[in-house]
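J.: Data: coords26.cif, mmCIF, C-alpha atoms.
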```cif
data_run
loop_
_atom_site.label_atom_id
_atom_site.label_comp_id
_atom_site.auth_asym_id
_atom_site.auth_seq_id
_atom_site.Cartn_x
_atom_site.Cartn_y
_atom_site.Cartn_z
CA MET A 9 -142.68 -13.43 37.63
CA THR A 10 -145.72 -12.89 35.40
CA SER A 11 -144.89 -11.42 32.00
CA GLU A 12 -147.03 -8.85 30.25
CA PRO A 13 -149.46 -10.29 27.67
CA VAL A 14 -148.13 -10.18 24.12
CA ALA A 15 -150.02 -7.74 21.91
CA LEU A 16 -152.13 -9.32 19.19
CA LEU A 17 -150.61 -8.54 15.80
CA ALA A 18 -152.14 -8.81 12.35
CA SER A 19 -152.42 -12.50 11.52
CA PRO A 20 -153.25 -14.58 8.44
CA LEU A 21 -155.98 -16.06 10.65
CA ASP A 22 -157.78 -12.70 10.59
CA GLN A 23 -159.23 -14.02 7.33
CA TRP A 24 -161.39 -17.12 7.69
CA PRO A 25 -160.59 -19.41 6.05
CA PRO A 26 -157.05 -18.11 5.59
CA SER A 27 -155.24 -18.08 2.27
CA TRP A 28 -152.13 -19.01 4.29
CA SER A 29 -151.18 -22.51 5.42
CA PRO A 30 -148.61 -23.47 8.10
CA SER A 31 -145.25 -25.21 7.88
CA GLY A 32 -146.04 -27.12 11.07
CA VAL A 33 -148.82 -27.47 13.62
CA ILE A 34 -148.46 -27.55 17.41
CA PHE A 35 -151.28 -28.71 19.67
CA ASP A 36 -151.86 -28.39 23.37
CA CYS A 37 -153.19 -31.62 24.88
CA ASP A 38 -155.37 -31.25 27.99
CA GLY A 39 -158.60 -29.42 27.28
CA LEU A 40 -157.79 -29.20 23.59
CA LEU A 41 -157.39 -32.78 22.34
CA VAL A 42 -158.83 -34.58 25.34
CA ASP A 43 -161.21 -33.68 28.16
CA THR A 44 -158.65 -34.21 30.94
CA GLU A 45 -158.43 -30.55 31.96
CA SER A 46 -162.00 -30.55 33.26
CA GLN A 47 -161.29 -33.78 35.16
CA TRP A 48 -158.17 -32.21 36.71
CA VAL A 49 -160.17 -29.12 37.72
CA ALA A 50 -162.94 -31.30 39.19
CA LEU A 51 -160.35 -33.28 41.18
CA GLN A 52 -158.95 -30.02 42.59
CA ASP A 53 -162.43 -28.80 43.54
CA GLU A 54 -163.21 -32.11 45.26
CA TYR A 55 -159.94 -31.89 47.20
CA LEU A 56 -160.69 -28.33 48.26
CA ALA A 57 -164.23 -29.25 49.30
CA ARG A 58 -162.91 -32.05 51.52
CA HIS A 59 -160.88 -29.38 53.30
CA GLY A 60 -163.82 -27.00 53.57
CA ALA A 61 -162.35 -24.62 51.02
CA SER A 62 -162.85 -23.38 47.46
CA LEU A 63 -161.22 -21.10 44.92
CA ASP A 64 -162.69 -17.78 43.90
CA PRO A 65 -163.45 -17.50 40.16
CA MET A 66 -160.50 -15.21 39.40
CA THR A 67 -158.01 -17.57 41.05
CA ARG A 68 -159.52 -20.56 39.25
CA ARG A 69 -159.26 -18.71 35.95
CA ALA A 70 -155.65 -17.71 36.63
CA ILE A 71 -154.34 -21.20 37.43
CA THR A 72 -156.18 -23.13 34.70
CA GLY A 73 -153.62 -24.53 32.28
CA ARG A 74 -150.70 -23.80 34.59
CA ALA A 75 -148.10 -26.37 35.57
CA ALA A 76 -149.15 -28.69 38.38
CA GLU A 77 -146.59 -27.12 40.72
CA GLN A 78 -148.31 -23.72 40.48
CA VAL A 79 -151.74 -25.28 40.98
CA VAL A 80 -150.47 -27.18 44.03
CA LEU A 81 -148.91 -24.08 45.59
CA THR A 82 -152.16 -22.17 45.18
CA ILE A 83 -154.30 -24.93 46.67
CA ALA A 84 -151.84 -25.56 49.50
CA GLY A 85 -152.09 -21.91 50.45
CA VAL A 86 -155.88 -22.07 50.50
CA VAL A 87 -156.12 -25.25 52.59
CA GLY A 88 -153.15 -24.44 54.83
CA LYS A 89 -151.21 -27.62 54.20
CA ASP A 90 -147.62 -28.36 53.19
CA PRO A 91 -147.32 -28.01 49.40
CA HIS A 92 -145.33 -31.25 49.11
CA LEU A 93 -148.12 -33.19 50.81
CA VAL A 94 -150.81 -31.50 48.71
CA GLY A 95 -148.80 -32.24 45.58
CA GLU A 96 -148.41 -35.89 46.47
CA GLU A 97 -152.12 -36.27 47.23
CA LEU A 98 -153.41 -34.43 44.17
CA VAL A 99 -150.99 -35.85 41.61
CA ALA A 100 -151.43 -39.39 42.96
CA ALA A 101 -155.20 -39.06 42.55
CA HIS A 102 -154.74 -37.67 39.03
CA ARG A 103 -152.40 -40.49 38.02
CA GLU A 104 -154.83 -43.06 39.44
CA HIS A 105 -157.69 -41.87 37.24
CA ILE A 106 -155.94 -40.56 34.11
CA GLY A 107 -156.18 -43.82 32.20
CA GLU A 108 -159.74 -44.70 33.15
CA ARG A 109 -161.43 -42.68 30.44
CA LEU A 110 -159.84 -40.49 27.84
CA SER A 111 -162.59 -38.56 26.09
CA PRO A 112 -161.39 -36.76 22.95
CA LEU A 113 -162.96 -33.37 22.44
CA PRO A 114 -165.22 -32.98 19.38
CA GLY A 115 -163.32 -33.05 16.11
CA ALA A 116 -159.91 -32.88 17.81
CA LEU A 117 -158.36 -36.18 16.77
CA GLU A 118 -159.89 -36.03 13.31
CA ALA A 119 -158.39 -32.57 12.76
CA LEU A 120 -155.01 -33.64 14.14
CA ARG A 121 -154.88 -36.70 11.89
CA ALA A 122 -155.91 -34.67 8.84
CA MET A 123 -153.16 -32.12 9.50
CA ALA A 124 -150.57 -34.78 10.31
CA ALA A 125 -151.19 -36.38 6.92
CA VAL A 126 -149.81 -33.31 5.14
CA ARG A 127 -147.73 -31.32 7.68
CA PRO A 128 -145.43 -32.17 10.62
CA VAL A 129 -147.26 -31.89 13.94
CA ALA A 130 -146.25 -31.73 17.60
CA VAL A 131 -147.94 -31.73 20.99
CA ALA A 132 -146.72 -29.28 23.66
CA SER A 133 -148.09 -29.84 27.16
CA ASN A 134 -147.45 -28.70 30.72
CA SER A 135 -147.94 -32.36 31.70
CA PRO A 136 -145.09 -34.49 33.07
CA ARG A 137 -143.58 -36.80 30.45
CA ASP A 138 -145.10 -40.02 31.79
CA LEU A 139 -148.63 -38.57 31.86
CA LEU A 140 -148.27 -36.99 28.43
CA ASP A 141 -147.04 -40.26 26.92
CA ALA A 142 -149.91 -42.15 28.58
CA LYS A 143 -152.44 -39.74 27.09
CA LEU A 144 -150.94 -39.86 23.60
CA ASP A 145 -150.85 -43.67 23.75
CA GLY A 146 -154.39 -43.85 25.11
CA LEU A 147 -155.68 -41.57 22.36
CA GLY A 148 -153.93 -43.64 19.71
CA ILE A 149 -151.88 -40.74 18.36
CA ALA A 150 -148.41 -41.47 19.76
CA GLY A 151 -147.36 -42.72 16.33
CA VAL A 152 -149.08 -39.87 14.50
CA VAL A 153 -147.32 -36.85 16.05
CA ASP A 154 -143.77 -36.06 14.98
CA ALA A 155 -142.70 -34.66 18.36
CA SER A 156 -144.02 -34.10 21.86
CA ILE A 157 -142.77 -31.60 24.42
CA ALA A 158 -143.42 -32.23 28.13
CA ILE A 159 -142.72 -30.01 31.11
CA GLU A 160 -139.35 -31.68 31.78
CA ASP A 161 -138.16 -30.72 28.29
CA VAL A 162 -138.09 -26.95 28.89
CA ARG A 163 -136.71 -24.48 31.40
CA GLU A 164 -140.00 -22.64 31.95
CA PRO A 165 -143.53 -24.08 31.47
CA LYS A 166 -146.45 -22.22 29.92
CA PRO A 167 -147.21 -19.29 29.96
CA ALA A 168 -143.53 -18.87 29.01
CA ALA A 169 -142.77 -19.33 25.32
CA ASP A 170 -140.21 -22.11 25.88
CA MET A 171 -142.49 -25.05 25.15
CA TYR A 172 -143.75 -23.74 21.83
CA LEU A 173 -140.27 -22.67 20.76
CA ALA A 174 -138.98 -26.17 21.55
CA ALA A 175 -141.83 -27.74 19.58
CA ALA A 176 -141.13 -25.52 16.56
CA ARG A 177 -137.45 -26.49 16.70
CA ALA A 178 -138.41 -30.15 16.85
CA LEU A 179 -140.45 -29.66 13.66
CA ASP A 180 -137.59 -27.68 12.05
CA ALA A 181 -140.04 -24.81 11.51
CA ASP A 182 -140.06 -21.07 12.14
CA PRO A 183 -142.53 -20.39 14.99
CA ALA A 184 -144.16 -17.63 12.92
CA ASP A 185 -144.93 -20.25 10.25
CA CYS A 186 -146.49 -22.63 12.78
CA LEU A 187 -150.17 -22.93 13.60
CA GLY A 188 -150.95 -23.42 17.28
CA PHE A 189 -154.09 -24.72 18.98
CA GLU A 190 -154.82 -23.87 22.62
CA ASP A 191 -157.77 -23.92 25.00
CA SER A 192 -156.51 -21.96 28.02
CA GLU A 193 -155.43 -18.40 28.69
CA THR A 194 -152.13 -19.70 30.03
CA GLY A 195 -151.41 -21.74 26.92
CA ALA A 196 -152.53 -18.99 24.57
CA GLU A 197 -150.08 -16.53 26.13
CA ALA A 198 -147.28 -19.07 25.67
CA ALA A 199 -148.12 -19.60 21.99
CA LEU A 200 -148.42 -15.87 21.33
CA ALA A 201 -145.12 -15.19 23.12
CA ALA A 202 -143.45 -17.75 20.86
CA GLY A 203 -144.83 -15.99 17.79
CA LEU A 204 -147.22 -18.69 16.57
CA GLN A 205 -150.37 -18.15 14.54
CA LEU A 206 -152.94 -19.21 17.12
CA ILE A 207 -156.43 -20.67 17.09
CA ALA A 208 -158.10 -20.85 20.50
CA VAL A 209 -160.70 -23.52 21.23
CA PRO A 210 -161.69 -22.97 24.88
CA SER A 211 -163.38 -25.88 26.65
CA ILE A 212 -163.31 -24.80 30.32
CA PRO A 213 -165.97 -22.29 31.46
CA GLY A 214 -164.48 -18.91 32.32
CA GLN A 215 -161.46 -19.23 30.04
CA ARG A 216 -161.15 -16.47 27.44
CA PRO A 217 -157.82 -17.05 25.70
CA ARG A 218 -156.57 -14.23 23.50
CA SER A 219 -155.99 -15.22 19.87
CA PRO A 220 -156.56 -13.93 16.36
CA ARG A 221 -159.09 -16.74 15.78
CA ARG A 222 -161.41 -18.53 18.21
CA LEU A 223 -163.53 -21.59 17.40
CA GLU A 224 -166.29 -23.33 19.32
CA SER A 225 -164.77 -26.74 18.60
CA MET A 226 -162.22 -28.51 16.43
CA ALA A 227 -165.15 -29.89 14.46
CA ASP A 228 -165.60 -26.44 12.87
CA PRO A 229 -166.58 -27.07 9.22
CA VAL A 230 -164.52 -24.15 7.90
CA LEU A 231 -161.45 -25.52 9.69
CA SER A 232 -162.03 -28.95 8.12
CA SER A 233 -162.45 -27.43 4.66
CA TRP A 234 -159.33 -25.31 5.06
CA ILE A 235 -157.20 -28.31 6.11
CA ALA A 236 -158.51 -30.33 3.15
CA GLY A 237 -157.00 -27.73 0.81
CA TRP A 238 -153.45 -27.94 2.23
CA GLU A 239 -150.86 -29.38 -0.12
CA LEU A 240 -148.49 -32.12 1.03
CA ARG A 241 -145.37 -30.74 2.78
CA ARG A 242 -143.81 -33.68 4.59
#
```
Go ahead and express the file in the form of structure tokens.
T.:
Amino acid sequence: MTSEPVALLASPLDQWPPSWSPSGVIFDCDGLLVDTESQWVALQDEYLARHGASLDPMTRRAITGRAAEQVVLTIAGVVGKDPHLVGEELVAAHREHIGERLSPLPGALEALRAMAAVRPVAVASNSPRDLLDAKLDGLGIAGVVDASIAIEDVREPKPAADMYLAAARALDADPADCLGFEDSETGAEAALAAGLQLIAVPSIPGQRPRSPRRLESMADPVLSSWIAGWELRR
């Protein structure tokens, strides 16, 4: 069942830079820290093309950032194959290539490390645990984040709020006092449903995540200046 989008409320992020600072920070991974989301989308498009099929723009927009199971079901319906077989083929191809090149998105790791130096941070991803751990290890941040939440750790994946609520609990922080970073519409709805203060940094064409603040990249100079003014709370 698809829930109604959460209404945008007044946020400390309405002011830029904010006078507020968070108790904890929760990051998405794919498409936010590292350019794996575009690789995953490209792999899906290649798979569809081999079967003489494609996704219309609205369907592509709707499934971006969703759990792999939802993506697989959608693609299986388009190509007319058994979802289990499609899942095996797509996920196997993704696992085969995930470690070949992990390209951090501009400013992402620098911002994460700067925030982690003064506040507890977590990563919350719709990825399976083994893939999430591989990405955090490959990016060199496994020892930097205080907690990571994978799809196996929650009852419902994004766009449900579960993942962000679990991450806030892991940081011992009130979700409303947490700053979230997301790139996708799916992830943004999850963060908003959990009550986070959200900054969207979309990296996939066609994604227009709702949030009180949107940046072109994590290398935003105002973001960097704001983080530099946070006091130590660890």
J.: To one decimal place, how far is CA of Phe35 (chain A) from CA of Val131 (chain A) in Å?
T.: 4.7 Å
J.: Evaluate the PyMOL selection byres ((chain A and resi 215-223) around 6) on the structure here and hand back the selected residues as an NGL selection string.
T.: :A and (192-193 or 196 or 206-209 or 212-214 or 224-225)
J.: May I ask which of the residues A:Arg163, A:Arg242, A:Arg68, A:Arg109 is the closest one to Leu179 (chain A), counting only C-alpha atoms?
T.: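 Looking only at the distances to Leu179 (chain A), the closest residue turns out to be A:Arg242.
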J.: For Val42 (chain A), find every residue with an atom within 12 Å (counting all atoms listed in the file), except residues of its own chain fewer than 3 positions away, and show them as a PyMOL selection string.
T.: chain A and resi 35-39+45-48+106-107+109-117+120+133+140+143-144+146-149+190-191+209-212+225-226
J.: Counting all atoms listed in the file, write as a ChimeraX atom specification all protein and nucleic acid residues lying at most 12 Å from (-160.2, -32.3, 39.5) in the file's frame.
T.: /A:43-57,68,72,76,79-80,83,97-103,105-106
J.: Please measure the separation of CA of Ala158 (chain A) and CA of Val129 (chain A), giving the value in Å to one decimal.
T.: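 Interatomic distance here is 14.7 Å.
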J.: Would you mind reading off the distance between CA of Arg69 (chain A) and CA of Ala174 (chain A), one decimal, in Å?
T.: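 According to the coordinates, CA of Arg69 (chain A) and CA of Ala174 (chain A) are separated by 26.0 Å.
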J.: Using only C-alpha atoms, find the one residue out of A:Ala198, A:Ala15, A:Met66, A:Ala124 that sits nearest to Pro165 (chain A).
T.: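 Going through A:Ala198, A:Ala15, A:Met66, A:Ala124 one by one, the smallest distance to Pro165 (chain A) is for A:Ala198.
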J.: Name the closest residue to Gln23 (chain A) among the candidates A:Leu231, A:Leu93, A:Ala236, A:Ile159; distances are taken between atoms, counting all atoms listed in the file.
T.: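 Closest candidate: A:Leu231.
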J.: Using only C-alpha atoms and a cutoff of 12 Å, can you tell me which residues are near (-151.8, -29.0, 5.3) in the file's coordinates, and write them out as a PyMOL selection string?
T.: chain A and resi 27-33+119-129+186-187+231-242
J.: Go through A:Ala178, A:Ala75, A:Ala84, A:Val152 one by one, measure the shortest atom-to-atom distance of each to Asn134 (chain A) using all atoms listed in the file, and give the residue with the smallest value.
T.: A:Ala75
J.: What box, with edges along x, y and z, holds each listed atom of region 215-232 of chain A when 3 Å is added on every side, and can you state its centre and edge lengths in Å to one decimal, as lines of an AutoDock Vina configuration file?
T.:
```
center_x = -161.3
center_y = -21.9
center_z = 19.0
size_x = 16.6
size_y = 22.0
size_z = 28.1
```
J.: For Arg177 (chain A), find every residue with an atom within 12 Å (counting only C-alpha atoms), except residues of its own chain fewer than 2 positions away, and show them as a list in words.
T.: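 Listing them by chain and then by number gives Ser31, Gly32, Val33, Ile34, Pro128, Val129, Ala130, Ala132, Asp154, Ala155, Ser156, Ile157, Asp170, Met171, Tyr172, Leu173, Ala174, Ala175, Leu179, Asp180, Ala181, Asp182, Pro183, Ala184, Asp185, Cys186 and Ala202 of chain A.
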J.: Determine, counting all atoms listed in the file, which protein, DNA and RNA residues have an atom within 9 Å of an atom of Ala169 (chain A); residues of the same chain fewer than 6 positions away are not included. Present the result as a PyMOL selection string.
T.: chain A and resi 197-203
J.: Please complete region 121-132 of chain A with all heavy atoms and give it back as an mmCIF file, keeping the file's coordinate frame.
T.:
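Output file result-v4.cif is given in full below:
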```cif
data_model
loop_
_atom_site.group_PDB
_atom_site.id
_atom_site.type_symbol
_atom_site.label_atom_id
_atom_site.label_comp_id
_atom_site.auth_asym_id
_atom_site.auth_seq_id
_atom_site.Cartn_x
_atom_site.Cartn_y
_atom_site.Cartn_z
ATOM 1 N N ARG A 121 -155.291 -35.694 12.873
ATOM 2 C CA ARG A 121 -154.880 -36.700 11.890
ATOM 3 C C ARG A 121 -154.876 -36.129 10.468
ATOM 4 O O ARG A 121 -153.985 -36.426 9.664
ATOM 5 C CB ARG A 121 -155.802 -37.915 11.969
ATOM 6 C CG ARG A 121 -155.606 -38.739 13.239
ATOM 7 C CD ARG A 121 -156.535 -39.940 13.279
ATOM 8 N NE ARG A 121 -156.376 -40.701 14.510
ATOM 9 C CZ ARG A 121 -155.424 -41.611 14.716
ATOM 10 N NH1 ARG A 121 -154.548 -41.873 13.744
ATOM 11 N NH2 ARG A 121 -155.347 -42.250 15.862
ATOM 12 N N ALA A 122 -155.867 -35.282 10.167
ATOM 13 C CA ALA A 122 -155.910 -34.670 8.840
ATOM 14 C C ALA A 122 -154.704 -33.769 8.612
ATOM 15 O O ALA A 122 -154.103 -33.765 7.523
ATOM 16 C CB ALA A 122 -157.210 -33.886 8.680
ATOM 17 N N MET A 123 -154.324 -32.996 9.629
ATOM 18 C CA MET A 123 -153.160 -32.120 9.500
ATOM 19 C C MET A 123 -151.869 -32.921 9.446
ATOM 20 O O MET A 123 -150.957 -32.602 8.670
ATOM 21 C CB MET A 123 -153.137 -31.120 10.652
ATOM 22 C CG MET A 123 -154.231 -30.070 10.568
ATOM 23 S SD MET A 123 -154.134 -28.834 11.887
ATOM 24 C CE MET A 123 -155.765 -28.976 12.588
ATOM 25 N N ALA A 124 -151.780 -33.965 10.268
ATOM 26 C CA ALA A 124 -150.570 -34.780 10.310
ATOM 27 C C ALA A 124 -150.320 -35.508 8.999
ATOM 28 O O ALA A 124 -149.185 -35.896 8.706
ATOM 29 C CB ALA A 124 -150.654 -35.780 11.463
ATOM 30 N N ALA A 125 -151.362 -35.700 8.202
ATOM 31 C CA ALA A 125 -151.190 -36.380 6.920
ATOM 32 C C ALA A 125 -150.433 -35.520 5.915
ATOM 33 O O ALA A 125 -149.821 -36.054 4.974
ATOM 34 C CB ALA A 125 -152.563 -36.747 6.343
ATOM 35 N N VAL A 126 -150.434 -34.188 6.126
ATOM 36 C CA VAL A 126 -149.810 -33.310 5.140
ATOM 37 C C VAL A 126 -148.750 -32.362 5.714
ATOM 38 O O VAL A 126 -147.973 -31.769 4.964
ATOM 39 C CB VAL A 126 -150.884 -32.476 4.396
ATOM 40 C CG1 VAL A 126 -151.712 -33.367 3.506
ATOM 41 C CG2 VAL A 126 -151.787 -31.716 5.362
ATOM 42 N N ARG A 127 -148.711 -32.211 7.050
ATOM 43 C CA ARG A 127 -147.730 -31.320 7.680
ATOM 44 C C ARG A 127 -147.183 -31.993 8.945
ATOM 45 O O ARG A 127 -147.891 -32.759 9.605
ATOM 46 C CB ARG A 127 -148.372 -29.983 8.080
ATOM 47 C CG ARG A 127 -148.973 -29.222 6.920
ATOM 48 C CD ARG A 127 -147.908 -28.761 5.923
ATOM 49 N NE ARG A 127 -148.506 -28.509 4.625
ATOM 50 C CZ ARG A 127 -149.050 -27.366 4.255
ATOM 51 N NH1 ARG A 127 -149.090 -26.354 5.106
ATOM 52 N NH2 ARG A 127 -149.550 -27.226 3.053
ATOM 53 N N PRO A 128 -145.942 -31.675 9.337
ATOM 54 C CA PRO A 128 -145.430 -32.170 10.620
ATOM 55 C C PRO A 128 -146.207 -31.554 11.778
ATOM 56 O O PRO A 128 -146.563 -30.366 11.728
ATOM 57 C CB PRO A 128 -143.966 -31.740 10.625
ATOM 58 C CG PRO A 128 -143.890 -30.612 9.649
ATOM 59 C CD PRO A 128 -144.940 -30.869 8.615
ATOM 60 N N VAL A 129 -146.488 -32.363 12.796
ATOM 61 C CA VAL A 129 -147.260 -31.890 13.940
ATOM 62 C C VAL A 129 -146.571 -32.272 15.240
ATOM 63 O O VAL A 129 -145.852 -33.264 15.313
ATOM 64 C CB VAL A 129 -148.715 -32.435 13.933
ATOM 65 C CG1 VAL A 129 -149.430 -32.054 12.642
ATOM 66 C CG2 VAL A 129 -148.737 -33.930 14.138
ATOM 67 N N ALA A 130 -146.811 -31.470 16.267
ATOM 68 C CA ALA A 130 -146.250 -31.730 17.600
ATOM 69 C C ALA A 130 -147.327 -31.458 18.641
ATOM 70 O O ALA A 130 -148.313 -30.763 18.382
ATOM 71 C CB ALA A 130 -145.034 -30.843 17.854
ATOM 72 N N VAL A 131 -147.112 -32.014 19.827
ATOM 73 C CA VAL A 131 -147.940 -31.730 20.990
ATOM 74 C C VAL A 131 -147.043 -31.101 22.046
ATOM 75 O O VAL A 131 -145.946 -31.606 22.320
ATOM 76 C CB VAL A 131 -148.616 -32.997 21.536
ATOM 77 C CG1 VAL A 131 -149.321 -32.716 22.856
ATOM 78 C CG2 VAL A 131 -149.599 -33.558 20.515
ATOM 79 N N ALA A 132 -147.486 -29.987 22.627
ATOM 80 C CA ALA A 132 -146.720 -29.280 23.660
ATOM 81 C C ALA A 132 -147.609 -29.121 24.882
ATOM 82 O O ALA A 132 -148.627 -28.434 24.823
ATOM 83 C CB ALA A 132 -146.274 -27.917 23.149
#
```
